[in-house]
$ cat final.pdb   # PDB, C-alpha atoms
ATOM      1  CA  MET H  28      93.523 -26.847-119.679  1.00  0.00           C
ATOM      2  CA  VAL H  29      93.246 -26.073-123.403  1.00  0.00           C
ATOM      3  CA  VAL H  30      94.600 -22.532-122.845  1.00  0.00           C
ATOM      4  CA  ALA H  31      97.749 -23.928-121.197  1.00  0.00           C
ATOM      5  CA  LEU H  32      98.299 -26.255-124.142  1.00  0.00           C
ATOM      6  CA  ILE H  33      97.995 -23.426-126.670  1.00  0.00           C
ATOM      7  CA  SER H  34     100.343 -21.216-124.639  1.00  0.00           C
ATOM      8  CA  TYR H  35     102.912 -24.014-124.462  1.00  0.00           C
ATOM      9  CA  LYS H  36     102.782 -24.559-128.232  1.00  0.00           C
ATOM     10  CA  MET H  37     103.108 -20.824-128.877  1.00  0.00           C
ATOM     11  CA  LEU H  38     106.080 -20.586-126.523  1.00  0.00           C
ATOM     12  CA  ARG H  39     107.767 -23.581-128.070  1.00  0.00           C
ATOM     13  CA  SER H  40     107.360 -22.247-131.587  1.00  0.00           C
ATOM     14  CA  SER H  41     108.504 -18.709-130.784  1.00  0.00           C
ATOM     15  CA  LEU H  42     111.514 -19.322-128.476  1.00  0.00           C
ATOM     16  CA  VAL H  43     114.680 -21.362-128.999  1.00  0.00           C
ATOM     17  CA  ILE H  44     117.482 -22.079-126.516  1.00  0.00           C
ATOM     18  CA  VAL H  45     120.953 -22.113-128.063  1.00  0.00           C
ATOM     19  CA  THR H  46     124.439 -22.703-126.654  1.00  0.00           C
ATOM     20  CA  VAL H  47     127.272 -20.444-127.831  1.00  0.00           C
ATOM     21  CA  THR H  48     130.329 -22.415-129.009  1.00  0.00           C
ATOM     22  CA  GLY H  49     132.585 -19.852-130.696  1.00  0.00           C
ATOM     23  CA  LEU H  50     134.726 -16.919-129.586  1.00  0.00           C
ATOM     24  CA  SER H  51     133.384 -14.339-132.034  1.00  0.00           C
ATOM     25  CA  MET H  52     131.047 -12.647-129.537  1.00  0.00           C
ATOM     26  CA  LEU H  53     133.525 -12.253-126.662  1.00  0.00           C
ATOM     27  CA  PRO H  54     133.226 -10.504-124.248  1.00  0.00           C
ATOM     28  CA  THR H  55     129.425 -10.351-124.638  1.00  0.00           C
ATOM     29  CA  TYR H  56     128.987 -14.134-124.864  1.00  0.00           C
ATOM     30  CA  LYS H  57     131.545 -16.833-124.172  1.00  0.00           C
ATOM     31  CA  PRO H  58     131.564 -20.510-125.169  1.00  0.00           C
ATOM     32  CA  GLY H  59     129.040 -22.436-123.096  1.00  0.00           C
ATOM     33  CA  ASP H  60     126.695 -19.476-122.551  1.00  0.00           C
ATOM     34  CA  ARG H  61     123.071 -20.378-123.204  1.00  0.00           C
ATOM     35  CA  VAL H  62     120.781 -17.767-124.704  1.00  0.00           C
ATOM     36  CA  LEU H  63     117.066 -17.570-125.394  1.00  0.00           C
ATOM     37  CA  VAL H  64     116.257 -16.551-128.975  1.00  0.00           C
ATOM     38  CA  ARG H  65     112.920 -15.099-130.109  1.00  0.00           C
ATOM     39  CA  ARG H  66     112.001 -16.499-133.523  1.00  0.00           C
ATOM     40  CA  ARG H  67     110.584 -14.493-136.437  1.00  0.00           C
ATOM     41  CA  ARG H  68     111.373 -11.083-135.038  1.00  0.00           C
ATOM     42  CA  ARG H  69     112.685  -8.374-137.353  1.00  0.00           C
ATOM     43  CA  PRO H  70     116.193  -7.419-136.165  1.00  0.00           C
ATOM     44  CA  THR H  71     117.174  -3.831-135.509  1.00  0.00           C
ATOM     45  CA  ARG H  72     120.581  -2.204-135.377  1.00  0.00           C
ATOM     46  CA  GLY H  73     122.562  -3.161-132.281  1.00  0.00           C
ATOM     47  CA  GLU H  74     120.639  -6.356-131.505  1.00  0.00           C
ATOM     48  CA  ILE H  75     122.313  -9.758-131.438  1.00  0.00           C
ATOM     49  CA  ILE H  76     120.814 -12.357-133.736  1.00  0.00           C
ATOM     50  CA  VAL H  77     121.234 -15.956-134.799  1.00  0.00           C
ATOM     51  CA  VAL H  78     121.517 -16.323-138.568  1.00  0.00           C
ATOM     52  CA  LYS H  79     122.188 -19.084-141.057  1.00  0.00           C
ATOM     53  CA  ARG H  80     125.705 -18.924-142.426  1.00  0.00           C
ATOM     54  CA  PRO H  81     125.842 -17.906-146.106  1.00  0.00           C
ATOM     55  CA  GLY H  82     126.677 -20.900-148.275  1.00  0.00           C
ATOM     56  CA  ARG H  83     128.569 -21.308-151.481  1.00  0.00           C
ATOM     57  CA  GLY H  84     126.855 -19.371-154.223  1.00  0.00           C
ATOM     58  CA  GLY H  85     125.203 -17.026-151.723  1.00  0.00           C
ATOM     59  CA  ASP H  86     126.745 -13.946-150.168  1.00  0.00           C
ATOM     60  CA  LEU H  87     129.995 -15.758-149.407  1.00  0.00           C
ATOM     61  CA  ARG H  88     132.786 -13.798-151.085  1.00  0.00           C
ATOM     62  CA  ASN H  89     135.873 -16.003-150.828  1.00  0.00           C
ATOM     63  CA  GLY H  90     134.281 -19.435-151.394  1.00  0.00           C
ATOM     64  CA  ARG H  91     135.182 -20.842-147.994  1.00  0.00           C
ATOM     65  CA  ALA H  92     134.159 -20.335-144.399  1.00  0.00           C
ATOM     66  CA  ARG H  93     134.594 -21.947-141.020  1.00  0.00           C
ATOM     67  CA  GLY H  94     131.600 -22.633-138.860  1.00  0.00           C
ATOM     68  CA  ILE H  95     131.673 -20.612-135.674  1.00  0.00           C
ATOM     69  CA  GLY H  96     128.476 -19.929-133.865  1.00  0.00           C
ATOM     70  CA  PHE H  97     126.346 -22.039-131.578  1.00  0.00           C
ATOM     71  CA  ARG H  98     124.996 -25.507-130.961  1.00  0.00           C
ATOM     72  CA  PHE H  99     121.337 -25.952-131.847  1.00  0.00           C
ATOM     73  CA  SER H 100     119.646 -29.265-131.166  1.00  0.00           C
ATOM     74  CA  GLY H 101     119.996 -31.512-134.237  1.00  0.00           C
ATOM     75  CA  VAL H 102     121.722 -28.847-136.344  1.00  0.00           C
ATOM     76  CA  SER H 103     125.440 -28.588-137.040  1.00  0.00           C
ATOM     77  CA  SER H 104     127.081 -25.492-135.555  1.00  0.00           C
ATOM     78  CA  ASP H 105     128.744 -24.756-138.898  1.00  0.00           C
ATOM     79  CA  GLN H 106     125.337 -23.785-140.288  1.00  0.00           C
ATOM     80  CA  TRP H 107     124.568 -20.979-137.810  1.00  0.00           C
ATOM     81  CA  LEU H 108     126.263 -17.846-136.511  1.00  0.00           C
ATOM     82  CA  ILE H 109     125.529 -15.465-133.639  1.00  0.00           C
ATOM     83  CA  LYS H 110     126.304 -11.835-134.538  1.00  0.00           C
ATOM     84  CA  ARG H 111     125.447  -8.226-133.763  1.00  0.00           C
ATOM     85  CA  VAL H 112     123.398  -6.274-136.324  1.00  0.00           C
ATOM     86  CA  ALA H 113     125.579  -3.374-137.502  1.00  0.00           C
ATOM     87  CA  GLY H 114     123.506  -2.314-140.491  1.00  0.00           C
ATOM     88  CA  ILE H 115     119.959  -2.693-141.768  1.00  0.00           C
ATOM     89  CA  PRO H 116     118.496  -1.856-145.205  1.00  0.00           C
ATOM     90  CA  GLY H 117     119.082   1.798-146.072  1.00  0.00           C
ATOM     91  CA  ASP H 118     122.037   2.258-143.688  1.00  0.00           C
ATOM     92  CA  ILE H 119     125.453   3.226-145.051  1.00  0.00           C
ATOM     93  CA  ALA H 120     127.476   0.022-145.555  1.00  0.00           C
ATOM     94  CA  PRO H 121     131.071  -0.136-144.254  1.00  0.00           C
ATOM     95  CA  GLU H 122     132.374  -0.302-147.847  1.00  0.00           C
ATOM     96  CA  GLY H 123     130.216   2.636-148.944  1.00  0.00           C
ATOM     97  CA  GLY H 124     126.798   2.695-150.548  1.00  0.00           C
ATOM     98  CA  ALA H 125     123.623   1.567-148.813  1.00  0.00           C
ATOM     99  CA  VAL H 126     122.671  -1.778-147.309  1.00  0.00           C
ATOM    100  CA  PRO H 127     120.296  -3.275-149.906  1.00  0.00           C
ATOM    101  CA  PRO H 128     116.713  -4.320-149.115  1.00  0.00           C
ATOM    102  CA  GLY H 129     116.542  -7.757-147.493  1.00  0.00           C
ATOM    103  CA  LYS H 130     120.196  -7.665-146.406  1.00  0.00           C
ATOM    104  CA  LEU H 131     122.018  -7.066-143.108  1.00  0.00           C
ATOM    105  CA  VAL H 132     125.531  -6.117-142.028  1.00  0.00           C
ATOM    106  CA  LEU H 133     126.496  -8.442-139.155  1.00  0.00           C
ATOM    107  CA  LEU H 134     129.621  -8.200-137.013  1.00  0.00           C
ATOM    108  CA  GLY H 135     131.043 -10.244-134.176  1.00  0.00           C
ATOM    109  CA  ASP H 136     132.157  -8.357-131.058  1.00  0.00           C
ATOM    110  CA  ASN H 137     135.578 -10.085-131.185  1.00  0.00           C
ATOM    111  CA  ALA H 138     136.737  -8.871-134.618  1.00  0.00           C
ATOM    112  CA  SER H 139     140.044 -10.785-134.595  1.00  0.00           C
ATOM    113  CA  VAL H 140     138.291 -14.183-134.804  1.00  0.00           C
ATOM    114  CA  SER H 141     134.829 -13.343-136.106  1.00  0.00           C
ATOM    115  CA  LEU H 142     133.504 -14.678-139.407  1.00  0.00           C
ATOM    116  CA  ASP H 143     131.091 -11.899-140.356  1.00  0.00           C
ATOM    117  CA  SER H 144     130.265  -9.214-142.934  1.00  0.00           C
ATOM    118  CA  ARG H 145     133.906  -8.142-143.035  1.00  0.00           C
ATOM    119  CA  GLN H 146     134.684 -11.420-144.823  1.00  0.00           C
ATOM    120  CA  LEU H 147     131.294 -12.585-146.112  1.00  0.00           C
ATOM    121  CA  GLY H 148     129.547  -9.388-147.164  1.00  0.00           C
ATOM    122  CA  PHE H 149     125.835  -8.924-146.600  1.00  0.00           C
ATOM    123  CA  PHE H 150     123.683 -11.552-144.907  1.00  0.00           C
ATOM    124  CA  SER H 151     120.141 -12.277-146.059  1.00  0.00           C
ATOM    125  CA  SER H 152     117.472 -11.206-143.579  1.00  0.00           C
ATOM    126  CA  GLU H 153     115.492 -14.271-144.713  1.00  0.00           C
ATOM    127  CA  HIS H 154     118.064 -16.477-142.966  1.00  0.00           C
ATOM    128  CA  VAL H 155     117.599 -14.950-139.512  1.00  0.00           C
ATOM    129  CA  LEU H 156     116.477 -17.524-136.935  1.00  0.00           C
ATOM    130  CA  GLY H 157     115.718 -14.847-134.361  1.00  0.00           C
ATOM    131  CA  THR H 158     116.936 -12.216-131.929  1.00  0.00           C
ATOM    132  CA  VAL H 159     118.759 -13.044-128.705  1.00  0.00           C
ATOM    133  CA  TRP H 160     116.407 -12.090-125.903  1.00  0.00           C
ATOM    134  CA  ARG H 161     118.356 -13.037-122.764  1.00  0.00           C
ATOM    135  CA  ARG H 162     121.138 -15.186-121.349  1.00  0.00           C
ATOM    136  CA  PHE H 163     120.488 -18.038-118.928  1.00  0.00           C
TER     137      PHE H 163
END

$ encode --input "final.pdb" --output "structure tokens"
Amino acid sequence: MVVALISYKMLRSSLVIVTVTGLSMLPTYKPGDRVLVRRRRRPTRGEIIVVKRPGRGGDLRNGRARGIGFRFSGVSSDQWLIKRVAGIPGDIAPEGGAVPPGKLVLLGDNASVSLDSRQLGFFSSEHVLGTVWRRF
């Protein structure tokens, strides 16, 4: 009985279910899709992650941003984004130079509506909630 309790706590602390609300990941994910996210996993190039949106004074370049991302129990959707990892530290950044340590280049699959590194610059790897593991 104790083993089951420990396993349940471990599962609850390492996995999060989120609901996609924006259009930025079409056609991969559409609004209403539910995905299972593994917490505290280092993202690699090509994976889809959930990340905290850069705020004013952070990596945000133009001083304003709309919240597009997903619904997470008790957390406003304008605080989180779901994006594909396009660059990790050491990779060549789209604007030239290398992706700095602790930073990521994140892009939405639907570029015409995606709020991502094209507008916001690098994202901090410290703000990654986790990696999308599977869709429900």

$ resolve_selection --input "final.pdb" --expression "the PyMOL selection byres ((chain H and resi 159) around 12)" --output "PyMOL selection string"
chain H and resi 41-47+55-56+60-71+73-78+108-112+155-158+160-163

$ residues_around --input "final.pdb" --residues "region 118-121 of chain H" --least-positions-apart "2" --cutoff "10 Å" --atoms "all atoms listed in the file" --output "number ranges by chain"
H: 72, 113-116, 123-127, 131-132, 144-145, 148-149

$ closest_residue --input "final.pdb" --among "H:Leu53, H:Gly129, H:Trp107, H:Gly59" --to "Ser152 (chain H)" --atoms "all atoms listed in the file"
H:Gly129

$ atom_distance --input "final.pdb" --atom1 "CA of Leu133 (chain H)" --atom2 "CA of Pro81 (chain H)"
11.8 Å

$ atom_distance --input "final.pdb" --atom1 "CA of Pro54 (chain H)" --atom2 "CA of Gly117 (chain H)"
28.8 Å

$ atom_distance --input "final.pdb" --atom1 "CA of Arg80 (chain H)" --atom2 "CA of Ser141 (chain H)"
12.4 Å

$ resolve_selection --input "final.pdb" --expression "the PyMOL selection byres ((chain H and resi 136) around 7)" --output "ChimeraX atom specification"
/H:51-53,134-135,137-138
